[in-house]
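Written out below as structure tokens is the structure these notes cover.
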Amino acid sequence: MVEKSSGNKGEKTAISRRRITLGILLGSLAGAFGSLLALLKVLSPEKKGGGYEATIVLGDRLVYAQGEKAGTPLRAAALKDGDAVLAYPVGKAQNQANLIQLIRLKEKAFKPPTRLDLTDQGFVAYSAICTHLGCTVSWVKNQTSPDTSFTECFCHNSIFDPTRGAKVLGGPAPIPLAQVGVKVAEDGVLLFTSGFIGPIGPQV
Ligand code: FES
């Protein structure tokens, strides 16, 4: 009777040990799996931008995006201080990600973080796609003080400061509109000098 009882006890102890070992093993595997998932998330962060992929390249000419002049080249003389127009790179208007707002202000109006090397003769350009949910932005001109004009998205009233790298002044937009380089060529037409230097499209 005593031996039988002792044998059962030994078997139970061995089973308990096996269960503990299995538990530790499963716990370690779960931990390793969690770490692997975290690593994959860091390596492949969630993609924002709403699928907007711009194709602007250095040397593309700017053309009007709207109105009677749509598709025709933009000339520097057409914009005065405080004016802005929507524009595309020539031949690439079918891709809305390429839509930009070209703005002319006095050069001295620009402050950091505006990239001055991407401006020319008071011209600065930003993505025209709001970084909140992707509406097209509009220009609000101050007739009496043109350099205090600003960009607004009327969908949910986000406001951007064109003199400070399109910094968000109000509303739900999470980040500025990305700047893109422009310059005036010798014949007076406007050219792109870079692609966008930041993310474009909805960032929420
Ligand atoms: S889409 Fe521009 S503020 Fe919401």
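Residue numbers start at 1 in each chain; chains themselves are named A, B, ... in the order of the structure tokens; ligands are numbered from 1 in the order shown.
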- Can you list, as a ChimeraX atom specification, every protein, DNA or RNA residue that comes within 12 Å of Gln96 (chain A) when you count only C-alpha atoms, leaving out same-chain residues fewer than 4 positions away? /A:50-56,65,86-89,91-92,100,127-130,134-136,200-201
Those same residues, written as a compact mmCIF listing (two decimals), in the first residue's frame with all heavy atoms?
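Below you can see again_5.txt, which holds the result:
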# COMPACT_ATOMS: atom_id res chain seq x y z
N GLY A 50 -2.72 58.35 -47.72
CA GLY A 50 -3.92 58.11 -48.53
C GLY A 50 -3.63 57.65 -49.95
O GLY A 50 -4.43 57.83 -50.85
N GLY A 51 -2.46 57.08 -50.17
CA GLY A 51 -2.13 56.58 -51.51
C GLY A 51 -1.60 57.65 -52.45
O GLY A 51 -1.36 57.37 -53.63
N TYR A 52 -1.38 58.87 -51.96
CA TYR A 52 -0.86 59.93 -52.83
C TYR A 52 0.63 59.69 -53.09
O TYR A 52 1.43 59.62 -52.16
CB TYR A 52 -1.05 61.30 -52.18
CG TYR A 52 -2.47 61.79 -52.23
CD1 TYR A 52 -3.39 61.45 -51.24
CD2 TYR A 52 -2.90 62.61 -53.27
CE1 TYR A 52 -4.70 61.89 -51.29
CE2 TYR A 52 -4.21 63.06 -53.32
CZ TYR A 52 -5.10 62.71 -52.33
OH TYR A 52 -6.39 63.15 -52.39
N GLU A 53 1.00 59.57 -54.34
CA GLU A 53 2.40 59.37 -54.74
C GLU A 53 2.73 60.37 -55.84
O GLU A 53 2.32 60.20 -56.98
CB GLU A 53 2.61 57.94 -55.27
CG GLU A 53 2.38 56.84 -54.25
CD GLU A 53 3.55 56.64 -53.30
OE1 GLU A 53 4.62 57.21 -53.56
OE2 GLU A 53 3.36 55.94 -52.30
N ALA A 54 3.46 61.42 -55.49
CA ALA A 54 3.77 62.46 -56.47
C ALA A 54 4.85 62.01 -57.44
O ALA A 54 5.68 61.17 -57.11
CB ALA A 54 4.21 63.72 -55.74
N THR A 55 4.82 62.61 -58.64
CA THR A 55 5.82 62.26 -59.67
C THR A 55 6.54 63.50 -60.21
O THR A 55 7.05 63.50 -61.33
CB THR A 55 5.15 61.50 -60.83
OG1 THR A 55 4.05 62.27 -61.32
CG2 THR A 55 4.65 60.13 -60.39
N ILE A 56 6.57 64.56 -59.39
CA ILE A 56 7.26 65.80 -59.80
C ILE A 56 8.77 65.55 -59.81
O ILE A 56 9.31 64.98 -58.86
CB ILE A 56 6.94 66.95 -58.83
CG1 ILE A 56 5.44 67.28 -58.85
CG2 ILE A 56 7.77 68.19 -59.15
CD1 ILE A 56 5.00 68.24 -57.77
N ALA A 65 -3.55 74.80 -63.19
CA ALA A 65 -4.37 73.61 -62.96
C ALA A 65 -5.84 73.84 -63.30
O ALA A 65 -6.57 72.88 -63.52
CB ALA A 65 -4.25 73.18 -61.50
N LEU A 86 -3.27 77.42 -58.24
CA LEU A 86 -3.04 75.97 -58.21
C LEU A 86 -2.34 75.57 -59.49
O LEU A 86 -2.67 76.09 -60.57
CB LEU A 86 -4.37 75.22 -58.08
CG LEU A 86 -5.11 75.41 -56.75
CD1 LEU A 86 -6.47 74.71 -56.79
CD2 LEU A 86 -4.28 74.87 -55.57
N ALA A 87 -1.38 74.68 -59.39
CA ALA A 87 -0.60 74.31 -60.57
C ALA A 87 -0.21 72.83 -60.53
O ALA A 87 -0.20 72.20 -59.47
CB ALA A 87 0.65 75.17 -60.67
N TYR A 88 0.11 72.33 -61.74
CA TYR A 88 0.62 70.96 -61.90
C TYR A 88 1.94 71.02 -62.65
O TYR A 88 2.21 71.99 -63.36
CB TYR A 88 -0.34 70.14 -62.77
CG TYR A 88 -1.52 69.55 -62.08
CD1 TYR A 88 -2.81 69.97 -62.41
CD2 TYR A 88 -1.37 68.54 -61.13
CE1 TYR A 88 -3.93 69.40 -61.80
CE2 TYR A 88 -2.47 67.98 -60.52
CZ TYR A 88 -3.74 68.40 -60.86
OH TYR A 88 -4.83 67.85 -60.25
N PRO A 89 2.74 69.97 -62.58
CA PRO A 89 3.85 69.86 -63.53
C PRO A 89 3.25 69.50 -64.90
O PRO A 89 2.28 68.74 -64.96
CB PRO A 89 4.68 68.69 -62.97
CG PRO A 89 3.81 67.98 -61.99
CD PRO A 89 2.66 68.86 -61.63
N GLY A 91 2.03 67.98 -68.16
CA GLY A 91 1.84 66.60 -68.58
C GLY A 91 1.56 65.62 -67.46
O GLY A 91 1.44 64.42 -67.71
N LYS A 92 1.43 66.10 -66.23
CA LYS A 92 1.23 65.18 -65.09
C LYS A 92 0.00 65.55 -64.27
O LYS A 92 -0.07 65.27 -63.08
CB LYS A 92 2.48 65.19 -64.20
CG LYS A 92 3.74 64.71 -64.93
CD LYS A 92 4.95 64.75 -64.03
CE LYS A 92 6.19 64.26 -64.78
NZ LYS A 92 7.41 64.35 -63.97
N ILE A 100 -0.10 71.45 -56.70
CA ILE A 100 0.57 72.34 -55.75
C ILE A 100 -0.10 73.71 -55.75
O ILE A 100 -0.83 74.07 -56.68
CB ILE A 100 2.07 72.52 -56.09
CG1 ILE A 100 2.26 73.14 -57.48
CG2 ILE A 100 2.81 71.20 -56.02
CD1 ILE A 100 2.92 74.48 -57.45
N SER A 127 2.40 71.50 -51.33
CA SER A 127 1.36 70.57 -51.75
C SER A 127 0.00 71.22 -51.51
O SER A 127 -0.21 71.89 -50.49
CB SER A 127 1.45 69.27 -50.93
OG SER A 127 0.29 68.48 -51.13
N ALA A 128 -0.93 71.02 -52.44
CA ALA A 128 -2.28 71.60 -52.29
C ALA A 128 -3.26 70.59 -51.70
O ALA A 128 -4.46 70.83 -51.68
CB ALA A 128 -2.77 72.10 -53.65
N ILE A 129 -2.73 69.44 -51.25
CA ILE A 129 -3.59 68.40 -50.67
C ILE A 129 -3.50 68.50 -49.15
O ILE A 129 -2.43 68.30 -48.57
CB ILE A 129 -3.12 66.98 -51.11
CG1 ILE A 129 -2.95 66.92 -52.63
CG2 ILE A 129 -4.07 65.91 -50.60
CD1 ILE A 129 -4.21 67.13 -53.43
N CYS A 130 -4.62 68.78 -48.51
CA CYS A 130 -4.64 68.97 -47.06
C CYS A 130 -4.16 67.70 -46.36
O CYS A 130 -4.53 66.58 -46.73
CB CYS A 130 -6.05 69.33 -46.60
SG CYS A 130 -6.17 69.61 -44.84
N GLY A 134 -7.36 65.27 -46.98
CA GLY A 134 -7.06 65.27 -48.41
C GLY A 134 -7.87 66.22 -49.28
O GLY A 134 -7.82 66.10 -50.51
N CYS A 135 -8.59 67.18 -48.70
CA CYS A 135 -9.28 68.18 -49.54
C CYS A 135 -8.25 69.10 -50.20
O CYS A 135 -7.11 69.18 -49.73
CB CYS A 135 -10.22 69.02 -48.70
SG CYS A 135 -11.64 68.12 -48.06
N THR A 136 -8.65 69.77 -51.25
CA THR A 136 -7.76 70.74 -51.90
C THR A 136 -7.82 72.06 -51.13
O THR A 136 -8.91 72.54 -50.80
CB THR A 136 -8.20 70.97 -53.36
OG1 THR A 136 -8.13 69.71 -54.04
CG2 THR A 136 -7.29 71.97 -54.06
N ILE A 200 3.08 63.92 -48.10
CA ILE A 200 1.89 64.58 -48.66
C ILE A 200 0.69 63.66 -48.46
O ILE A 200 0.84 62.47 -48.21
CB ILE A 200 2.05 64.91 -50.17
CG1 ILE A 200 2.27 63.63 -50.99
CG2 ILE A 200 3.17 65.91 -50.40
CD1 ILE A 200 2.06 63.85 -52.48
N GLY A 201 -0.50 64.26 -48.59
CA GLY A 201 -1.73 63.50 -48.44
C GLY A 201 -2.16 63.41 -46.99
O GLY A 201 -1.47 63.88 -46.08
- Using only C-alpha atoms and all ligand atoms, find each protein or nucleic acid residue lying at most 7 Å from ligand 1; present the set as a PyMOL selection string. chain A and resi 130-135+153-158+171-173
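Every residue of region 34-122 of chain A with a DSSP assignment of helix (DSSP H, G or I), taken from the backbone, is listed as Gly34, Ser35, Leu36, Leu37, Ala38, Leu39, Leu40, Lys41, Val42, Leu43, Ala76, Ala77, Ala78, Gln96, Ala97, Asn98, Glu107, Lys108, Ala109, Leu116, Asp117 and Leu118 of chain A.
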Based on the selection just made, write N, CA and C atoms of those residues as a JSON list (two decimals), in the first residue's frame.
[["chain", "number", "residue", "atom", "x", "y", "z"],
["A", 34, "GLY", "N", 5.75, 38.09, -29.65],
["A", 34, "GLY", "CA", 5.39, 39.49, -29.42],
["A", 34, "GLY", "C", 6.52, 40.42, -29.84],
["A", 35, "SER", "N", 7.76, 40.04, -29.48],
["A", 35, "SER", "CA", 8.91, 40.86, -29.84],
["A", 35, "SER", "C", 9.08, 40.94, -31.36],
["A", 36, "LEU", "N", 8.83, 39.80, -32.02],
["A", 36, "LEU", "CA", 8.95, 39.76, -33.48],
["A", 36, "LEU", "C", 7.93, 40.70, -34.13],
["A", 37, "LEU", "N", 6.69, 40.67, -33.61],
["A", 37, "LEU", "CA", 5.66, 41.56, -34.15],
["A", 37, "LEU", "C", 6.04, 43.02, -33.96],
["A", 38, "ALA", "N", 6.57, 43.34, -32.75],
["A", 38, "ALA", "CA", 6.97, 44.73, -32.48],
["A", 38, "ALA", "C", 8.07, 45.15, -33.44],
["A", 39, "LEU", "N", 9.03, 44.24, -33.70],
["A", 39, "LEU", "CA", 10.14, 44.55, -34.60],
["A", 39, "LEU", "C", 9.62, 44.79, -36.02],
["A", 40, "LEU", "N", 8.68, 43.94, -36.45],
["A", 40, "LEU", "CA", 8.12, 44.10, -37.80],
["A", 40, "LEU", "C", 7.39, 45.43, -37.92],
["A", 41, "LYS", "N", 6.72, 45.86, -36.84],
["A", 41, "LYS", "CA", 5.99, 47.12, -36.87],
["A", 41, "LYS", "C", 6.95, 48.30, -37.02],
["A", 42, "VAL", "N", 8.10, 48.20, -36.33],
["A", 42, "VAL", "CA", 9.10, 49.27, -36.43],
["A", 42, "VAL", "C", 9.67, 49.31, -37.85],
["A", 43, "LEU", "N", 9.95, 48.11, -38.39],
["A", 43, "LEU", "CA", 10.56, 48.05, -39.72],
["A", 43, "LEU", "C", 9.56, 48.44, -40.82],
["A", 76, "ALA", "N", 6.26, 84.04, -64.33],
["A", 76, "ALA", "CA", 6.45, 84.80, -63.09],
["A", 76, "ALA", "C", 5.67, 86.10, -63.09],
["A", 77, "ALA", "N", 5.60, 86.75, -64.24],
["A", 77, "ALA", "CA", 4.96, 88.05, -64.32],
["A", 77, "ALA", "C", 3.45, 87.99, -64.04],
["A", 78, "ALA", "N", 2.89, 86.78, -64.07],
["A", 78, "ALA", "CA", 1.44, 86.65, -63.89],
["A", 78, "ALA", "C", 1.01, 86.80, -62.42],
["A", 96, "GLN", "N", -3.39, 63.56, -59.08],
["A", 96, "GLN", "CA", -3.73, 64.66, -58.17],
["A", 96, "GLN", "C", -2.68, 64.89, -57.09],
["A", 97, "ALA", "N", -1.86, 63.89, -56.83],
["A", 97, "ALA", "CA", -0.80, 64.05, -55.84],
["A", 97, "ALA", "C", 0.19, 65.14, -56.24],
["A", 98, "ASN", "N", 0.22, 65.47, -57.54],
["A", 98, "ASN", "CA", 1.15, 66.49, -58.04],
["A", 98, "ASN", "C", 0.63, 67.92, -57.89],
["A", 107, "GLU", "N", 10.12, 88.42, -50.51],
["A", 107, "GLU", "CA", 11.15, 87.48, -50.03],
["A", 107, "GLU", "C", 11.41, 87.61, -48.54],
["A", 108, "LYS", "N", 11.36, 88.84, -48.06],
["A", 108, "LYS", "CA", 11.68, 89.07, -46.64],
["A", 108, "LYS", "C", 10.59, 88.51, -45.72],
["A", 109, "ALA", "N", 9.46, 88.11, -46.28],
["A", 109, "ALA", "CA", 8.36, 87.57, -45.46],
["A", 109, "ALA", "C", 8.66, 86.15, -44.98],
["A", 116, "LEU", "N", 14.46, 78.38, -47.83],
["A", 116, "LEU", "CA", 14.70, 79.49, -48.76],
["A", 116, "LEU", "C", 15.36, 79.04, -50.05],
["A", 117, "ASP", "N", 16.15, 77.95, -49.96],
["A", 117, "ASP", "CA", 16.82, 77.46, -51.17],
["A", 117, "ASP", "C", 15.82, 76.86, -52.15],
["A", 118, "LEU", "N", 14.58, 76.65, -51.71],
["A", 118, "LEU", "CA", 13.55, 76.12, -52.61],
["A", 118, "LEU", "C", 12.59, 77.22, -53.06]]
- Item | Nearest-residue call for Leu190 (chain A), choices A:Lys167, A:Lys111, A:Arg75, A:Lys80, using only C-alpha atoms |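 Using only C-alpha atoms, the shortest distance to Leu190 (chain A) belongs to A:Arg75.
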